[in-house]
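Source file: final07.cif; contents: mmCIF, C-alpha atoms.
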data_entry
#
loop_
_atom_site.label_atom_id
_atom_site.label_comp_id
_atom_site.auth_asym_id
_atom_site.auth_seq_id
_atom_site.Cartn_x
_atom_site.Cartn_y
_atom_site.Cartn_z
CA MET A 1163 6.04 4.02 13.95
CA TYR A 1164 2.44 3.85 12.76
CA ASP A 1165 1.48 7.04 14.60
CA VAL A 1166 4.25 8.83 12.70
CA LEU A 1167 3.02 7.39 9.38
CA VAL A 1168 -0.53 8.54 10.10
CA PHE A 1169 0.78 12.02 10.98
CA VAL A 1170 2.72 12.18 7.70
CA TYR A 1171 -0.31 10.96 5.73
CA GLU A 1172 -2.60 13.53 7.33
CA ASN A 1173 -0.19 16.47 6.98
CA TYR A 1174 1.17 15.98 3.46
CA TRP A 1175 -1.31 15.62 0.62
CA ARG A 1176 0.95 13.38 -1.49
CA GLY A 1177 4.29 11.66 -1.18
CA ASP A 1178 5.96 14.19 -3.43
CA ALA A 1179 4.78 17.02 -1.12
CA CYS A 1180 6.61 15.53 1.86
CA PRO A 1181 9.85 17.30 2.87
CA GLU A 1182 13.26 15.62 2.86
CA ALA A 1183 13.97 13.17 5.68
CA GLU A 1184 16.07 15.58 7.78
CA GLN A 1185 13.45 18.34 7.71
CA LEU A 1186 10.62 15.85 8.25
CA GLY A 1187 12.51 14.40 11.22
CA ARG A 1188 12.76 17.84 12.82
CA LYS A 1189 9.07 18.50 12.26
CA LEU A 1190 8.14 15.11 13.76
CA SER A 1191 10.38 15.76 16.75
CA ALA A 1192 8.78 19.18 17.24
CA ASN A 1193 5.39 17.46 17.27
CA GLY A 1194 6.44 15.24 20.17
CA PHE A 1195 7.28 11.93 18.52
CA GLU A 1196 9.97 9.74 20.11
CA GLU A 1197 13.39 9.59 18.43
CA ASP A 1198 13.29 5.82 17.81
CA GLU A 1199 9.75 6.08 16.40
CA ILE A 1200 10.90 8.83 14.03
CA ARG A 1201 13.99 6.86 12.97
CA ASP A 1202 11.94 3.70 12.24
CA ALA A 1203 9.31 5.65 10.30
CA LEU A 1204 11.89 7.55 8.23
CA GLN A 1205 13.67 4.31 7.33
CA TRP A 1206 10.34 2.73 6.40
CA LEU A 1207 9.36 5.78 4.31
CA ASP A 1208 12.73 5.67 2.54
CA GLY A 1209 12.05 2.05 1.61
CA LEU A 1210 8.57 3.02 0.44
CA SER A 1211 10.02 5.72 -1.77
CA LEU A 1212 12.42 3.23 -3.34
CA ALA A 1213 9.68 0.62 -3.79
CA THR A 1214 7.27 3.00 -5.51
CA GLN A 1215 9.74 4.80 -7.78
CA GLY A 1216 8.99 2.58 -10.76
CA ILE A 1217 5.22 2.32 -10.36
CA GLN A 1218 3.24 3.49 -13.34
CA LEU A 1219 -0.50 3.75 -13.69
CA THR A 1220 -1.67 2.15 -16.93
CA ARG A 1221 -5.06 1.64 -18.48
CA ASN A 1222 -5.97 -1.90 -19.51
CA ASN A 1223 -7.15 -1.88 -23.13
CA GLU A 1224 -8.33 -5.46 -23.33
CA ASN A 1225 -11.53 -6.06 -25.28
CA ASP A 1226 -12.70 -8.57 -22.68
CA ASP A 1227 -15.84 -7.14 -21.03
CA ASP A 1228 -14.64 -8.18 -17.58
CA ASP A 1229 -11.45 -6.14 -17.87
CA ALA A 1230 -12.55 -3.24 -20.11
CA GLY A 1231 -11.38 0.07 -18.73
CA THR A 1232 -9.88 -1.31 -15.54
CA THR A 1233 -6.87 0.32 -13.99
CA SER A 1234 -3.69 -1.64 -13.46
CA VAL A 1235 -0.35 -0.84 -11.94
CA THR A 1236 2.95 -2.01 -13.36
CA VAL A 1237 6.24 -1.87 -11.56
CA GLY A 1238 9.34 -0.88 -13.46
CA PRO A 1239 9.96 0.87 -16.76
CA PRO A 1240 7.38 0.52 -19.52
CA ALA A 1241 7.72 -2.61 -21.62
CA SER A 1242 9.12 -2.11 -25.10
CA SER A 1243 7.10 -5.04 -26.42
CA ASP A 1244 3.40 -5.76 -26.47
CA LEU A 1245 3.76 -8.42 -23.79
CA ALA A 1246 1.64 -7.65 -20.72
CA LEU A 1247 3.46 -7.37 -17.39
CA GLU A 1248 0.23 -7.79 -15.42
CA PRO A 1249 -0.69 -11.36 -14.47
CA SER A 1250 -3.75 -12.89 -16.07
CA ARG A 1251 -6.99 -12.47 -14.19
CA HIS A 1252 -6.86 -16.18 -13.38
CA ALA A 1253 -3.44 -15.93 -11.69
CA MET A 1254 -3.21 -16.62 -7.98
CA ARG A 1255 -0.73 -15.10 -5.50
CA VAL A 1256 0.91 -17.76 -3.35
CA TYR A 1257 2.35 -16.43 -0.09
CA SER A 1258 5.62 -17.75 1.30
CA VAL A 1259 5.74 -19.21 4.80
CA ALA A 1260 7.55 -16.07 6.03
CA GLU A 1261 4.82 -13.87 4.51
CA GLN A 1262 2.10 -16.03 6.05
CA ASP A 1263 3.74 -15.85 9.46
CA HIS A 1264 4.39 -12.11 9.36
CA LEU A 1265 1.08 -11.03 7.83
CA GLY A 1266 -1.18 -13.43 9.69
CA ALA A 1267 -4.56 -14.78 8.64
CA GLU A 1268 -6.48 -11.52 9.10
CA CYS A 1269 -4.16 -9.47 6.87
CA LEU A 1270 -3.94 -12.20 4.25
CA GLY A 1271 -7.73 -12.42 4.21
CA PHE A 1272 -7.98 -8.66 3.73
CA LEU A 1273 -5.47 -8.70 0.85
CA THR A 1274 -7.37 -11.59 -0.74
CA PHE A 1275 -10.62 -9.63 -0.37
CA LEU A 1276 -9.10 -6.59 -2.11
CA ASP A 1277 -7.67 -8.87 -4.81
CA SER A 1278 -10.98 -10.60 -5.47
CA ALA A 1279 -12.77 -7.24 -5.62
CA GLN A 1280 -10.11 -6.09 -8.14
CA ALA A 1281 -9.47 -3.09 -5.87
CA LEU A 1282 -5.73 -3.65 -5.52
CA PRO A 1283 -3.71 -4.12 -8.72
CA ALA A 1284 -1.07 -6.86 -8.59
CA GLY A 1285 1.90 -4.48 -8.86
CA MET A 1286 0.65 -2.35 -5.99
CA ARG A 1287 -0.18 -5.46 -3.95
CA GLU A 1288 3.45 -6.54 -4.23
CA VAL A 1289 4.63 -3.15 -2.94
CA VAL A 1290 2.15 -3.41 -0.05
CA ILE A 1291 3.45 -6.90 0.82
CA GLU A 1292 7.09 -5.80 0.58
CA ARG A 1293 6.46 -2.81 2.86
CA ALA A 1294 4.40 -4.93 5.26
CA MET A 1295 7.28 -7.39 5.51
CA ALA A 1296 9.57 -4.47 6.39
CA ALA A 1297 7.23 -3.34 9.18
CA PRO A 1298 7.49 -4.48 12.80
CA GLY A 1299 4.96 -6.85 14.33
CA ASP A 1300 4.47 -10.60 14.19
CA PRO A 1301 1.83 -11.04 13.03
CA LEU A 1302 1.02 -7.65 11.62
CA ALA A 1303 -2.27 -6.21 12.89
CA LEU A 1304 -4.97 -5.48 10.31
CA GLU A 1305 -5.05 -1.80 11.32
CA GLU A 1306 -1.30 -1.59 10.64
CA LEU A 1307 -1.75 -3.18 7.20
CA LYS A 1308 -4.45 -0.62 6.44
CA ILE A 1309 -2.02 2.19 7.29
CA ILE A 1310 0.55 0.59 4.99
CA LEU A 1311 -2.03 0.41 2.19
CA LEU A 1312 -2.86 4.09 2.66
CA MET A 1313 0.83 4.99 2.62
CA VAL A 1314 1.45 3.04 -0.62
CA HIS A 1315 -1.44 4.87 -2.29
CA TRP A 1316 -0.15 8.17 -0.85
CA SER A 1317 3.38 7.55 -2.09
CA THR A 1318 2.32 6.62 -5.63
CA GLY A 1319 -0.17 9.45 -5.95
CA ILE A 1320 -2.75 6.90 -7.07
CA GLU A 1321 -6.07 7.66 -5.42
CA PRO A 1322 -7.70 4.54 -3.95
CA ASP A 1323 -11.16 3.71 -5.22
CA ALA A 1324 -14.22 4.11 -2.98
CA LEU A 1325 -14.22 0.45 -1.86
CA VAL A 1326 -10.63 0.65 -0.67
CA LEU A 1327 -11.18 3.95 1.15
CA ASP A 1328 -14.29 2.60 2.82
CA GLU A 1329 -12.46 -0.50 4.01
CA LEU A 1330 -9.37 1.41 5.13
CA CYS A 1331 -11.12 4.20 6.99
CA ASP A 1332 -14.25 2.50 8.31
CA ASP A 1333 -14.26 1.05 11.82
CA PRO A 1334 -15.96 -2.38 11.63
CA ALA A 1335 -17.12 -1.99 15.25
CA ASP A 1336 -19.37 0.88 14.14
CA ARG A 1337 -21.11 -1.17 11.43
CA ILE A 1338 -24.75 -2.06 11.92
CA ALA A 1339 -26.13 -5.25 10.41
CA HIS A 1340 -29.10 -4.67 8.15
#

What would the structure in this file look like if it were written as structure tokens?
Amino acid sequence: MYDVLVFVYENYWRGDACPEAEQLGRKLSANGFEEDEIRDALQWLDGLSLATQGIQLTRNNENDDDDAGTTSVTVGPPASSDLALEPSRHAMRVYSVAEQDHLGAECLGFLTFLDSAQALPAGMREVVIERAMAAPGDPLALEELKIILLMVHWSTGIEPDALVLDELCDDPADRIAH
């Protein structure tokens, strides 16, 4: 399934540029992907489309120097009141036992790293976790989680910042200690 997702990511600039499932399935089949791999990927992409439909990019207007000008993501329709939908910066995400088992220590550590670097807004993190839970693998490999992160960014049209791209696309085996 992940090879199909990488193919889709590389061949379609954004999620809204991707053809309908039937046409995409034919194109994937023509490119030599297995039928079950295509089916799994199309189901996963359908779930991604549903999960990211309500995501909106908003600009945080807090006067707090730590948060000034930061980007946040909210899920769902815009709030009609002034109440913030984003958690406070002191909030902590607690993972369920099922999430811990499925994601594994390496993926949880990576998500925590992105959280602490403020590189993954809470709303987008929840979509990533939901889509990771829908993906095969127990526990999920870190490389698979990185593909899921790329696909969530791709689907929302929100360009990841430089830190996220570096972490998602860089092979740690090629890093040289200074």

Practice problem: Could you tell me which residues the PyMOL selection byres ((chain A and resi 1259-1266) around 10) grabs in this file, written as a ChimeraX atom specification? | Solution: /A:1256-1258,1267-1271,1273,1291-1292,1294-1304,1307

Self-check item: Chain and number of each residue from the PyMOL selection byres ((chain A and resi 1323) around 12), as a PyMOL selection string
Solution: chain A and resi 1232-1233+1276+1279-1283+1312+1315+1320-1322+1324-1330

Quiz prompt | Atomic distance atom CA of A:Phe1275 - atom CA of A:Asp1208, expressed in Å with one decimal | solution =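 Atom CA of A:Phe1275 sits 28.1 Å away from atom CA of A:Asp1208.
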
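Taking only C-alpha atoms into account, A:Leu1212 lies nearest to A:Val1289 out of the set A:Ala1179, A:Ile1310, A:Leu1167, A:Val1289.
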
Practice problem: Any chance you could resolve the PyMOL selection byres ((chain A and resi 1200) around 12) against this file and give the residues as a ChimeraX atom specification? | Solution: /A:1163-1167,1169-1170,1183-1199,1201-1207

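Take the candidates A:Ser1278, A:Ser1250, A:Asn1173, A:Thr1214 and check each one against A:Val1290 using all atoms listed in the file; the shortest distance goes to A:Thr1214.
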
Axis-aligned box for all listed atoms of stretch 1168-1176 of chain A, 8 Å per side, centre and edges in Å to one decimal, as JSON:
{"center_x": 0.1, "center_y": 12.5, "center_z": 4.7, "size_x": 21.3, "size_y": 23.9, "size_z": 28.5}

Practice problem: Between atom CA of A:Lys1308 and atom CA of A:Gly1177, measure the distance and give it in Å to one decimal. | Solution: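 Pair atom CA of A:Lys1308 / atom CA of A:Gly1177 returns 16.9 Å.
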
Exercise. One decimal, Å: what's the distance from atom CA of A:Leu1210 over to atom CA of A:Leu1311, could you say?
Key: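 Going from atom CA of A:Leu1210 over to atom CA of A:Leu1311, I get 11.1 Å.
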
Any chance you could turn stretch 1301-1316 of chain A into a file with C-alpha atoms, as a short mmCIF file (atom, residue, chain, number, x, y, z; two decimals), in the first residue's frame?
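Contents of part.cif, as written:
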data_model
loop_
_atom_site.label_atom_id
_atom_site.label_comp_id
_atom_site.auth_asym_id
_atom_site.auth_seq_id
_atom_site.Cartn_x
_atom_site.Cartn_y
_atom_site.Cartn_z
CA PRO A 1301 3.64 -1.71 15.15
CA LEU A 1302 3.75 0.79 12.33
CA ALA A 1303 7.25 1.40 10.97
CA LEU A 1304 8.63 4.94 11.22
CA GLU A 1305 9.08 5.12 7.43
CA GLU A 1306 5.38 4.26 7.02
CA LEU A 1307 4.38 7.01 9.48
CA LYS A 1308 6.49 9.47 7.50
CA ILE A 1309 4.60 8.54 4.33
CA ILE A 1310 1.33 9.06 6.19
CA LEU A 1311 2.52 12.49 7.36
CA LEU A 1312 3.43 13.44 3.79
CA MET A 1313 0.04 12.25 2.55
CA VAL A 1314 -1.84 14.28 5.19
CA HIS A 1315 0.08 17.41 4.17
CA TRP A 1316 -0.54 16.56 0.50
#
